[in-house]
>>> print(open('start_7.tsv').read())   # TSV, C-alpha atoms and all ligand atoms
chain	number	residue	atom	x	y	z
A	1	MET	CA	-26.23	160.29	42.92
A	2	ASN	CA	-22.64	160.13	41.75
A	3	GLU	CA	-20.64	162.10	44.30
A	4	ILE	CA	-21.10	162.69	47.99
A	5	THR	CA	-19.08	164.16	50.87
A	6	ILE	CA	-19.68	162.87	54.38
A	7	ALA	CA	-18.52	164.12	57.78
A	8	SER	CA	-18.23	161.30	60.28
A	9	PRO	CA	-17.30	162.22	63.86
A	10	GLY	CA	-15.30	160.56	66.61
A	11	ARG	CA	-16.90	160.28	70.02
A	12	ILE	CA	-16.40	160.93	73.69
A	13	ASN	CA	-18.04	159.02	76.49
A	14	LEU	CA	-18.94	161.01	79.58
A	15	ILE	CA	-19.20	157.84	81.65
A	16	GLY	CA	-19.98	154.12	81.33
A	17	GLU	CA	-16.86	152.31	80.20
A	18	HIS	CA	-16.86	148.61	79.29
A	19	THR	CA	-20.55	148.53	80.09
A	20	ASP	CA	-21.80	148.44	76.49
A	21	TYR	CA	-20.94	144.77	75.86
A	22	ASN	CA	-22.05	143.97	79.42
A	23	ASP	CA	-25.77	144.74	78.89
A	24	GLY	CA	-25.29	148.16	80.49
A	25	TYR	CA	-25.66	151.89	80.01
A	26	VAL	CA	-23.37	154.46	78.38
A	27	LEU	CA	-23.46	158.25	78.09
A	28	PRO	CA	-21.54	159.17	74.92
A	29	ALA	CA	-21.64	162.04	72.41
A	30	ALA	CA	-20.28	162.62	68.92
A	31	ILE	CA	-17.55	165.26	68.83
A	32	ASP	CA	-16.53	168.15	66.60
A	33	LYS	CA	-13.66	166.19	65.08
A	34	CYS	CA	-14.48	164.26	61.95
A	35	ILE	CA	-13.28	162.14	59.09
A	36	TYR	CA	-14.36	163.80	55.85
A	37	MET	CA	-14.81	161.49	52.91
A	38	THR	CA	-15.74	162.19	49.34
A	39	LEU	CA	-17.10	159.16	47.49
A	40	LYS	CA	-17.86	158.90	43.81
A	41	THR	CA	-18.86	156.11	41.48
A	42	ASN	CA	-16.06	155.12	39.06
A	43	GLY	CA	-18.04	153.13	36.48
A	44	THR	CA	-16.41	149.78	37.30
A	45	LYS	CA	-18.21	146.73	38.66
A	46	SER	CA	-16.05	146.16	41.70
A	47	ARG	CA	-12.85	148.21	41.82
A	48	CYS	CA	-12.66	150.46	44.89
A	49	THR	CA	-9.86	152.90	45.65
A	50	ILE	CA	-9.60	154.64	48.99
A	51	ARG	CA	-7.01	157.33	49.48
A	52	SER	CA	-6.28	158.65	52.93
A	53	LYS	CA	-4.44	161.96	53.15
A	54	GLY	CA	-3.47	161.42	56.80
A	55	PHE	CA	-1.87	158.06	56.13
A	56	ASP	CA	-0.53	159.03	52.74
A	57	ASN	CA	-1.29	155.70	51.13
A	58	ILE	CA	-3.93	154.17	48.94
A	59	LEU	CA	-6.02	151.04	49.33
A	60	VAL	CA	-7.26	149.27	46.22
A	61	ALA	CA	-9.92	146.63	46.85
A	62	ASP	CA	-12.04	144.32	44.73
A	63	LEU	CA	-15.58	143.84	46.02
A	64	PHE	CA	-15.48	140.18	44.97
A	65	ASP	CA	-12.22	139.45	46.75
A	66	LEU	CA	-12.28	140.92	50.24
A	67	LYS	CA	-10.05	139.62	53.01
A	68	PRO	CA	-8.30	141.30	55.97
A	69	GLY	CA	-5.18	143.28	55.05
A	70	THR	CA	-2.04	144.18	56.95
A	71	GLU	CA	-2.32	147.97	57.27
A	72	GLY	CA	-4.28	148.97	60.38
A	73	TRP	CA	-6.87	151.28	58.82
A	74	HIS	CA	-7.37	149.08	55.75
A	75	ASN	CA	-9.20	146.49	57.81
A	76	TYR	CA	-11.90	148.94	58.88
A	77	VAL	CA	-12.60	149.73	55.24
A	78	LEU	CA	-12.36	146.14	54.02
A	79	GLY	CA	-14.54	144.99	56.91
A	80	VAL	CA	-17.28	147.48	56.01
A	81	LEU	CA	-17.15	146.50	52.33
A	82	SER	CA	-17.33	142.83	53.22
A	83	GLU	CA	-20.33	143.35	55.54
A	84	LEU	CA	-22.05	145.40	52.85
A	85	GLN	CA	-21.46	142.63	50.30
A	86	LEU	CA	-23.13	140.17	52.65
A	87	LEU	CA	-26.16	142.44	52.93
A	88	THR	CA	-26.58	143.56	49.36
A	89	GLN	CA	-25.06	143.12	45.93
A	90	SER	CA	-25.78	146.73	44.97
A	91	VAL	CA	-22.44	148.35	45.77
A	92	LYS	CA	-20.33	148.96	42.65
A	93	GLY	CA	-16.84	150.38	42.05
A	94	PHE	CA	-16.13	153.74	43.71
A	95	ASP	CA	-13.28	156.10	44.56
A	96	CYS	CA	-12.96	157.64	47.99
A	97	GLU	CA	-10.73	160.45	49.27
A	98	MET	CA	-10.56	161.01	52.98
A	99	GLU	CA	-9.05	163.46	55.38
A	100	THR	CA	-9.33	163.46	59.15
A	101	ASN	CA	-8.84	165.62	62.19
A	102	VAL	CA	-9.86	162.85	64.62
A	103	PRO	CA	-6.76	161.94	66.64
A	104	VAL	CA	-5.92	158.31	65.83
A	105	GLY	CA	-5.25	155.79	68.61
A	106	SER	CA	-6.41	158.18	71.31
A	107	GLY	CA	-9.62	156.47	72.42
A	108	VAL	CA	-12.01	158.84	70.62
A	109	SER	CA	-12.88	156.14	68.10
A	110	SER	CA	-11.52	157.25	64.79
A	111	SER	CA	-12.29	153.63	63.83
A	112	ALA	CA	-16.06	153.95	64.29
A	113	ALA	CA	-15.95	157.28	62.46
A	114	LEU	CA	-14.31	155.54	59.51
A	115	GLU	CA	-16.58	152.49	59.51
A	116	CYS	CA	-19.83	154.39	59.88
A	117	GLY	CA	-18.88	157.24	57.55
A	118	LEU	CA	-18.03	154.79	54.78
A	119	ALA	CA	-21.17	152.72	55.24
A	120	PHE	CA	-23.31	155.88	55.49
A	121	GLY	CA	-21.79	157.35	52.31
A	122	LEU	CA	-22.06	154.16	50.25
A	123	ASN	CA	-25.63	153.72	51.43
A	124	ILE	CA	-26.54	157.04	49.84
A	125	LEU	CA	-24.26	156.77	46.80
A	126	PHE	CA	-25.73	153.42	45.76
A	127	GLU	CA	-29.22	153.94	47.25
A	128	LEU	CA	-28.96	150.81	49.38
A	129	GLY	CA	-31.87	151.69	51.68
A	130	ILE	CA	-30.04	150.70	54.88
A	131	ASP	CA	-31.24	152.41	58.07
A	132	ASP	CA	-29.07	154.04	60.76
A	133	TRP	CA	-29.21	151.08	63.13
A	134	GLU	CA	-28.06	148.69	60.42
A	135	ILE	CA	-25.15	151.04	59.66
A	136	ILE	CA	-24.24	151.03	63.36
A	137	LYS	CA	-24.38	147.23	63.66
A	138	LEU	CA	-22.58	146.73	60.38
A	139	GLY	CA	-19.71	148.92	61.61
A	140	GLN	CA	-19.51	146.83	64.77
A	141	ARG	CA	-19.47	143.57	62.79
A	142	ALA	CA	-16.68	144.94	60.56
A	143	GLU	CA	-14.61	145.50	63.67
A	144	HIS	CA	-15.35	142.04	65.05
A	145	ASN	CA	-14.70	140.19	61.81
A	146	PHE	CA	-11.87	142.11	60.14
A	147	VAL	CA	-10.10	143.98	62.94
A	148	GLY	CA	-10.52	141.43	65.72
A	149	THR	CA	-11.72	143.71	68.52
A	150	GLN	CA	-14.89	142.29	70.03
A	151	CYS	CA	-16.19	145.80	70.67
A	152	GLY	CA	-19.60	146.83	71.97
A	153	ILE	CA	-22.05	149.09	70.17
A	154	MET	CA	-21.27	152.44	71.82
A	155	ASP	CA	-18.76	153.95	69.41
A	156	GLN	CA	-20.68	153.30	66.21
A	157	PHE	CA	-23.91	154.40	67.89
A	158	ALA	CA	-22.41	157.68	69.10
A	159	SER	CA	-20.79	158.47	65.77
A	160	VAL	CA	-24.03	158.00	63.82
A	161	MET	CA	-26.66	159.25	66.29
A	162	GLY	CA	-24.82	162.21	67.84
A	163	LYS	CA	-26.75	165.45	68.29
A	164	LYS	CA	-25.28	168.92	68.76
A	165	ASP	CA	-25.02	169.97	72.43
A	166	HIS	CA	-26.44	166.66	73.71
A	167	VAL	CA	-25.15	163.46	75.21
A	168	MET	CA	-27.06	160.21	74.76
A	169	LEU	CA	-28.13	157.80	77.45
A	170	LEU	CA	-28.11	154.44	75.66
A	171	ASP	CA	-29.36	151.22	77.19
A	172	CYS	CA	-27.13	148.74	75.39
A	173	GLN	CA	-29.42	145.84	76.23
A	174	SER	CA	-32.68	147.19	74.80
A	175	LEU	CA	-30.99	149.78	72.51
A	176	ASP	CA	-33.43	152.42	73.80
A	177	TYR	CA	-31.85	155.83	74.06
A	178	HIS	CA	-32.63	159.44	74.73
A	179	TYR	CA	-30.84	162.75	74.34
A	180	ILE	CA	-29.87	164.83	77.36
A	181	PRO	CA	-28.83	168.48	76.91
A	182	ALA	CA	-25.15	168.80	77.83
A	183	LYS	CA	-25.58	171.97	79.88
A	184	ILE	CA	-22.26	172.06	81.69
A	185	SER	CA	-21.24	175.72	81.37
A	186	PRO	CA	-19.05	177.28	82.80
A	187	TYR	CA	-17.34	173.89	82.71
A	188	VAL	CA	-15.99	172.36	79.53
A	189	ILE	CA	-14.70	168.97	78.44
A	190	LEU	CA	-10.94	168.94	78.07
A	191	MET	CA	-9.31	165.86	76.57
A	192	LEU	CA	-5.69	165.16	77.42
A	193	ASN	CA	-4.05	162.67	75.09
A	194	THR	CA	-1.28	160.55	76.64
A	195	ASN	CA	-0.07	159.74	73.13
A	196	VAL	CA	0.53	156.17	74.21
A	197	THR	CA	-1.26	153.02	73.03
A	198	HIS	CA	-0.09	149.98	74.90
A	199	ASN	CA	0.09	146.70	73.01
A	200	LEU	CA	-2.61	145.22	75.13
A	201	SER	CA	-5.33	147.35	73.61
A	202	THR	CA	-6.90	144.62	71.46
A	203	SER	CA	-5.97	141.49	73.39
A	204	GLY	CA	-6.58	143.13	76.78
A	205	TYR	CA	-9.97	144.36	75.62
A	206	ASN	CA	-11.06	140.94	74.40
A	207	THR	CA	-9.78	139.29	77.59
A	208	ARG	CA	-11.80	141.69	79.74
A	209	ARG	CA	-14.85	140.82	77.72
A	210	GLU	CA	-14.30	137.10	78.29
A	211	GLU	CA	-13.59	137.55	81.99
A	212	SER	CA	-16.76	139.50	82.68
A	213	ALA	CA	-18.82	137.04	80.60
A	214	SER	CA	-17.48	134.00	82.47
A	215	GLY	CA	-18.05	135.72	85.82
A	216	LEU	CA	-21.60	136.57	84.84
A	217	LYS	CA	-22.30	132.96	83.84
A	218	ILE	CA	-21.22	131.67	87.25
A	219	ILE	CA	-23.57	134.09	89.02
A	220	THR	CA	-26.62	133.64	86.80
A	221	GLU	CA	-26.27	129.85	86.87
A	222	ARG	CA	-26.02	129.89	90.65
A	223	PHE	CA	-29.22	131.96	90.94
A	224	GLY	CA	-31.05	130.45	87.97
A	225	VAL	CA	-31.67	133.79	86.25
A	226	LYS	CA	-31.30	134.80	82.61
A	227	ASN	CA	-27.70	135.48	81.60
A	228	SER	CA	-27.58	139.28	81.76
A	229	PHE	CA	-25.83	141.77	84.03
A	230	ARG	CA	-29.26	143.37	84.41
A	231	ASN	CA	-30.44	140.37	86.40
A	232	ILE	CA	-27.71	140.42	89.03
A	233	THR	CA	-26.88	142.60	92.04
A	234	LEU	CA	-23.80	143.33	94.12
A	235	GLU	CA	-25.24	141.09	96.85
A	236	MET	CA	-25.43	138.17	94.42
A	237	ILE	CA	-21.86	138.82	93.31
A	238	ASN	CA	-20.74	138.84	96.94
A	239	GLU	CA	-22.39	135.50	97.52
A	240	CYS	CA	-20.42	134.02	94.63
A	241	LYS	CA	-17.13	135.63	95.64
A	242	GLU	CA	-15.27	132.37	96.11
A	243	ALA	CA	-16.47	130.75	92.88
A	244	LEU	CA	-15.68	133.91	90.92
A	245	GLY	CA	-12.11	134.21	92.12
A	246	SER	CA	-10.45	137.57	92.48
A	247	VAL	CA	-10.52	138.53	88.76
A	248	GLY	CA	-14.14	137.51	88.14
A	249	TYR	CA	-15.24	139.28	91.31
A	250	LYS	CA	-13.51	142.52	90.38
A	251	ARG	CA	-14.77	142.54	86.79
A	252	CYS	CA	-18.40	141.80	87.68
A	253	SER	CA	-18.66	144.20	90.60
A	254	TYR	CA	-17.11	146.94	88.46
A	255	VAL	CA	-19.79	146.48	85.80
A	256	ILE	CA	-22.65	146.78	88.29
A	257	GLU	CA	-21.09	149.82	89.97
A	258	GLU	CA	-20.26	151.57	86.70
A	259	ASN	CA	-23.81	151.05	85.44
A	260	GLN	CA	-25.14	152.68	88.58
A	261	ARG	CA	-22.76	155.59	88.05
A	262	VAL	CA	-24.02	156.14	84.49
A	263	LEU	CA	-27.61	156.47	85.70
A	264	GLU	CA	-26.53	158.82	88.50
A	265	ALA	CA	-24.46	160.87	86.06
A	266	ALA	CA	-27.44	161.25	83.71
A	267	ASP	CA	-29.49	162.56	86.67
A	268	ALA	CA	-26.69	164.85	87.78
A	269	LEU	CA	-26.53	166.31	84.29
A	270	LYS	CA	-30.30	166.82	84.18
A	271	ASN	CA	-30.17	168.52	87.61
A	272	ASN	CA	-27.11	170.56	86.71
A	273	ASP	CA	-25.23	169.01	89.64
A	274	MET	CA	-21.76	169.36	88.17
A	275	ALA	CA	-19.99	168.57	91.45
A	276	HIS	CA	-21.64	165.16	91.66
A	277	LEU	CA	-20.96	164.48	88.00
A	278	GLY	CA	-17.29	165.20	88.68
A	279	GLU	CA	-17.17	162.82	91.66
A	280	LEU	CA	-18.65	160.08	89.53
A	281	LEU	CA	-15.90	160.58	86.93
A	282	TYR	CA	-13.25	160.07	89.59
A	283	GLN	CA	-15.03	156.98	90.90
A	284	SER	CA	-15.25	155.59	87.39
A	285	HIS	CA	-11.51	156.02	86.92
A	286	GLN	CA	-10.81	154.29	90.20
A	287	GLY	CA	-13.02	151.38	89.17
A	288	GLN	CA	-11.31	151.04	85.82
A	289	ARG	CA	-7.89	151.21	87.41
A	290	GLU	CA	-8.44	148.86	90.33
A	291	LYS	CA	-11.25	146.55	89.32
A	292	TYR	CA	-11.43	146.38	85.54
A	293	GLU	CA	-7.66	146.96	85.27
A	294	VAL	CA	-7.66	148.78	81.94
A	295	SER	CA	-5.67	151.86	82.96
A	296	CYS	CA	-1.94	152.52	82.63
A	297	PRO	CA	0.61	154.71	84.47
A	298	GLU	CA	0.27	157.59	82.01
A	299	LEU	CA	-3.52	157.81	82.45
A	300	ASP	CA	-3.30	157.44	86.24
A	301	PHE	CA	-0.71	160.19	86.38
A	302	LEU	CA	-2.94	162.64	84.50
A	303	VAL	CA	-5.97	161.85	86.65
A	304	GLU	CA	-3.92	162.35	89.84
A	305	LEU	CA	-2.63	165.64	88.43
A	306	SER	CA	-6.18	166.84	87.80
A	307	LYS	CA	-6.94	166.42	91.50
A	308	LEU	CA	-4.43	169.17	92.29
A	309	GLU	CA	-6.38	171.66	90.17
A	310	LYS	CA	-9.36	172.87	92.18
A	311	GLU	CA	-11.24	174.01	89.08
A	312	ILE	CA	-11.41	170.46	87.81
A	313	LEU	CA	-14.49	168.69	89.15
A	314	GLY	CA	-13.60	165.24	87.85
A	315	ALA	CA	-11.44	163.31	85.42
A	316	ARG	CA	-11.10	159.79	84.17
A	317	MET	CA	-9.58	157.62	81.49
A	318	MET	CA	-11.87	157.25	78.51
A	319	GLY	CA	-12.50	154.53	75.92
A	320	GLY	CA	-11.13	151.00	75.76
A	321	GLY	CA	-8.09	151.80	77.90
A	322	PHE	CA	-4.36	150.94	77.98
A	323	GLY	CA	-3.62	154.45	76.67
A	324	GLY	CA	-5.53	157.18	74.88
A	325	CYS	CA	-7.12	160.18	76.55
A	326	THR	CA	-8.37	161.37	79.89
A	327	LEU	CA	-11.60	163.35	79.98
A	328	ASN	CA	-11.53	166.34	82.36
A	329	LEU	CA	-14.51	168.38	83.54
A	330	ILE	CA	-12.81	171.74	84.02
A	331	HIS	CA	-13.84	175.38	84.50
A	332	GLU	CA	-13.40	177.23	81.22
A	333	ASN	CA	-11.15	179.86	82.85
A	334	SER	CA	-8.63	177.28	84.02
A	335	VAL	CA	-8.11	175.38	80.77
A	336	ASP	CA	-5.05	177.25	79.51
A	337	ASP	CA	-3.15	177.20	82.80
A	338	PHE	CA	-3.87	173.53	83.40
A	339	ILE	CA	-2.72	172.55	79.93
A	340	ILE	CA	0.59	174.33	80.52
A	341	SER	CA	1.21	172.75	83.92
A	342	ALA	CA	-0.01	169.27	82.90
A	343	SER	CA	2.09	169.25	79.72
A	344	LYS	CA	5.18	170.21	81.68
A	345	ALA	CA	4.65	167.63	84.41
A	346	TYR	CA	3.78	164.86	81.92
A	347	LYS	CA	6.85	165.55	79.79
A	348	LYS	CA	9.04	165.56	82.89
A	349	ARG	CA	7.63	162.25	84.14
A	350	PHE	CA	7.36	160.25	80.89
A	351	GLY	CA	9.42	162.20	78.33
A	352	ILE	CA	6.33	162.33	76.07
A	353	GLU	CA	4.52	165.37	74.67
A	354	LEU	CA	0.94	165.69	75.86
A	355	SER	CA	-1.65	166.78	73.34
A	356	HIS	CA	-5.04	168.21	74.15
A	357	PHE	CA	-8.30	169.52	72.81
A	358	VAL	CA	-11.50	170.98	74.19
A	359	THR	CA	-14.54	169.37	72.64
A	360	VAL	CA	-18.31	169.79	72.54
A	361	PRO	CA	-21.09	167.29	71.79
A	362	SER	CA	-21.79	167.54	68.07
A	363	GLN	CA	-23.84	166.29	65.16
A	364	GLY	CA	-23.46	162.62	64.16
A	365	THR	CA	-22.54	161.36	60.68
A	366	SER	CA	-23.96	163.73	58.08
A	367	ILE	CA	-23.91	164.75	54.43
A	368	ILE	CA	-21.88	167.85	53.71
A	369	ARG	CA	-22.29	167.99	49.96
A	370	GLN	CA	-23.80	165.88	47.22
A	371	THR	CA	-23.90	166.03	43.44
A	372	ASN	CA	-26.37	164.19	41.26
A	373	GLU	CA	-26.01	162.99	37.68
A	374	THR	CA	-27.10	166.33	36.19
A	375	GLY	CA	-24.42	168.10	38.17
A	376	SER	CA	-26.62	170.05	40.58
A	377	LYS	CA	-25.22	170.41	44.06
A	378	ARG	CA	-26.77	170.52	47.47
A	379	THR	CA	-24.91	171.60	50.55
A	380	SER	CA	-26.36	170.83	53.96
A	381	PRO	CA	-26.88	173.79	56.32
A	401	LIG	C1	-14.01	150.70	72.95
A	401	LIG	C2	-15.13	149.87	72.32
A	401	LIG	C3	-16.50	150.23	72.90
A	401	LIG	C4	-16.48	150.23	74.43
A	401	LIG	C5	-15.28	151.00	74.95
A	401	LIG	C6	-15.12	150.87	76.45
A	401	LIG	O1	-14.12	152.03	72.59
A	401	LIG	O2	-15.14	150.03	70.94
A	401	LIG	O3	-17.47	149.37	72.41
A	401	LIG	O4	-16.51	148.93	74.93
A	401	LIG	O5	-14.05	150.59	74.36
A	401	LIG	O6	-16.20	151.44	77.10
>>> encode(input="start_7.tsv", output="structure tokens")
Amino acid sequence: MNEITIASPGRINLIGEHTDYNDGYVLPAAIDKCIYMTLKTNGTKSRCTIRSKGFDNILVADLFDLKPGTEGWHNYVLGVLSELQLLTQSVKGFDCEMETNVPVGSGVSSSAALECGLAFGLNILFELGIDDWEIIKLGQRAEHNFVGTQCGIMDQFASVMGKKDHVMLLDCQSLDYHYIPAKISPYVILMLNTNVTHNLSTSGYNTRREESASGLKIITERFGVKNSFRNITLEMINECKEALGSVGYKRCSYVIEENQRVLEAADALKNNDMAHLGELLYQSHQGQREKYEVSCPELDFLVELSKLEKEILGARMMGGGFGGCTLNLIHENSVDDFIISASKAYKKRFGIELSHFVTVPSQGTSIIRQTNETGSKRTSP
């Protein structure tokens, strides 16, 4: 194999935010917005060039000298290369061209799309024999070690494992998962992008992770159970209210409640109970705003606005928080009108343009085209 083109999607998450690193459940899907990357061997031992059309700059890396860089997106690439080097010495020099239509910094995880697409492509190009789960975990480690976000497993999982017209119920403790048909018609998923990313996004994320972990420790030590959110209940949290303090109490009770909502949402989807699914989205937003405290005025404004539109069953902030998108469950006939009124109101309130897209659960990371040494080509269906 000497040339390969990969499509690697971003993701949405129907519900289950900040539950992945808290031993919980999530309900994500890959989306129809992808990073496309063409990778080819360049005959060198270790020289890698990665050109990104969107960012209009080029990264040159040496496989034997990998350390974090200064440009945001470079670290995702360097992190993946570094993790691959730790696993195998079989990667050689390559050139990569990429182009994306995944909105960056909007909470739909362009980062996981980049990490997993690159690892997936190099795995095939150099016949590394790495399986999907190792690609997922490697992407997560790249983010921990080179980017500095102590993220959970959801984004990389969704990007790789996505299936057309399905969401995935993932148990982030056991890593068991199953696909659920996303039969939501006549409703659709409308994403509204605040086009803001508050500075807190990395530090705030990591702090939340620490706060929920310290809260959990207090509770499990008090009750002498194994240190997992799966072993505690709201009653136990209530009993430890004083020891937890206000922050610990809010973080831990949010996790338990959000986990419950994910399971209910999966049932609602299976039973085609769209109204209940919508209510759960609103409850999730409220929990993230008041208890996990990862929302921001722009996101809250859009969720409040959605409540004025009777054809929207539910809405919530999505992803790590502090900016990015809201996810709206809206009747297909009302999409255009709502976009017009929401854009106007948002611009008036914040002076910022709103962007939007309707999305559908889609195929995970896949091969679009590959060429072998003799020049024959194969294009996937
Ligand atoms: C980011 C992280 C995920 C997850 C979400 C919040 O997207 O990368 O692992 O924690 O935030 O649910």
>>> residues_near_ligand(input="start_7.tsv", ligand="ligand LIG 401 (chain A)", cutoff="7 Å", atoms="only C-alpha atoms and all ligand atoms", output="ChimeraX atom specification")
/A:16-21,107,109,151-155,319-320
>>> residues_near_point(input="start_7.tsv", point="(-17.7, 143.3, 94.4)", cutoff="10 Å", atoms="all atoms listed in the file", output="list in words")
Thr233, Leu234, Glu235, Met236, Ile237, Asn238, Glu239, Cys240, Lys241, Ser246, Gly248, Tyr249, Lys250, Arg251, Cys252, Ser253, Tyr254, Val255, Ile256, Glu257 and Lys291 of chain A
>>> closest_residue(input="start_7.tsv", among="A:Leu281, A:Leu192, A:Leu81, A:Cys172", to="Thr359 in chain A", atoms="only C-alpha atoms")
A:Leu192
>>> closest_residue(input="start_7.tsv", among="A:Gly24, A:Gly10, A:Pro181, A:Gly69", to="Leu114 in chain A", atoms="only C-alpha atoms")
A:Gly10
>>> residues_around(input="start_7.tsv", residues="Gly204 in chain A", least_positions_apart="4", cutoff="10 Å", atoms="only C-alpha atoms", output="count of residues only")
12
>>> residues_near_point(input="start_7.tsv", point="(-24.5, 156.4, 83.3)", cutoff="12 Å", atoms="all atoms listed in the file", output="VMD selection string")
chain A and resid 13 to 20 24 to 28 167 to 172 177 180 255 to 270 277 280 to 281 284
>>> closest_residue(input="start_7.tsv", among="A:Ile219, A:Ala182, A:Val225, A:Ile232", to="Gly245 in chain A", atoms="only C-alpha atoms")
A:Ile219
>>> closest_residue(input="start_7.tsv", among="A:Met318, A:Val247, A:Val147, A:Ile312", to="Thr70 in chain A", atoms="all atoms listed in the file")
A:Val147
>>> closest_residue(input="start_7.tsv", among="A:Pro103, A:Gly287, A:Pro186, A:Gly364", to="Ala158 in chain A", atoms="all atoms listed in the file")
A:Gly364
>>> atom_distance(input="start_7.tsv", atom1="CA of Leu78 in chain A", atom2="CA of Gly129 in chain A")
20.4 Å
>>> closest_residue(input="start_7.tsv", among="A:Thr194, A:Ser82, A:Ser111, A:Asn227", to="Asn145 in chain A", atoms="all atoms listed in the file")
A:Ser82
>>> atom_distance(input="start_7.tsv", atom1="CA of Ile4 in chain A", atom2="CA of Cys96 in chain A")
9.6 Å
>>> residues_around(input="start_7.tsv", residues="Asp132 in chain A", least_positions_apart="3", cutoff="12 Å", atoms="only C-alpha atoms", output="ChimeraX atom specification")
/A:116-117,119-121,123-124,128-129,135-139,156-162,364-366
>>> atom_distance(input="start_7.tsv", atom1="CA of Asp95 in chain A", atom2="CA of Ser362 in chain A")
27.5 Å
>>> residues_around(input="start_7.tsv", residues="Gly105 in chain A", least_positions_apart="4", cutoff="9 Å", atoms="all atoms listed in the file", output="list in words")
Ser109, Ser110, Ser111, Asn195, Val196, Thr197, Gly323 and Gly324 of chain A
>>> write_last_selection(input="start_7.tsv", atoms="C-alpha atoms", output="PDB file, in the frame of the given file")
ATOM      1  CA  SER A 109     -12.880 156.140  68.100  1.00  0.00           C
ATOM      2  CA  SER A 110     -11.520 157.250  64.790  1.00  0.00           C
ATOM      3  CA  SER A 111     -12.290 153.630  63.830  1.00  0.00           C
ATOM      4  CA  ASN A 195      -0.070 159.740  73.130  1.00  0.00           C
ATOM      5  CA  VAL A 196       0.530 156.170  74.210  1.00  0.00           C
ATOM      6  CA  THR A 197      -1.260 153.020  73.030  1.00  0.00           C
ATOM      7  CA  GLY A 323      -3.620 154.450  76.670  1.00  0.00           C
ATOM      8  CA  GLY A 324      -5.530 157.180  74.880  1.00  0.00           C
TER       9      GLY A 324
END
>>> residues_around(input="start_7.tsv", residues="range 59-61 of chain A", least_positions_apart="3", cutoff="6 Å", atoms="all atoms listed in the file", output="JSON, numbers by chain")
{"A": [48, 49, 50]}
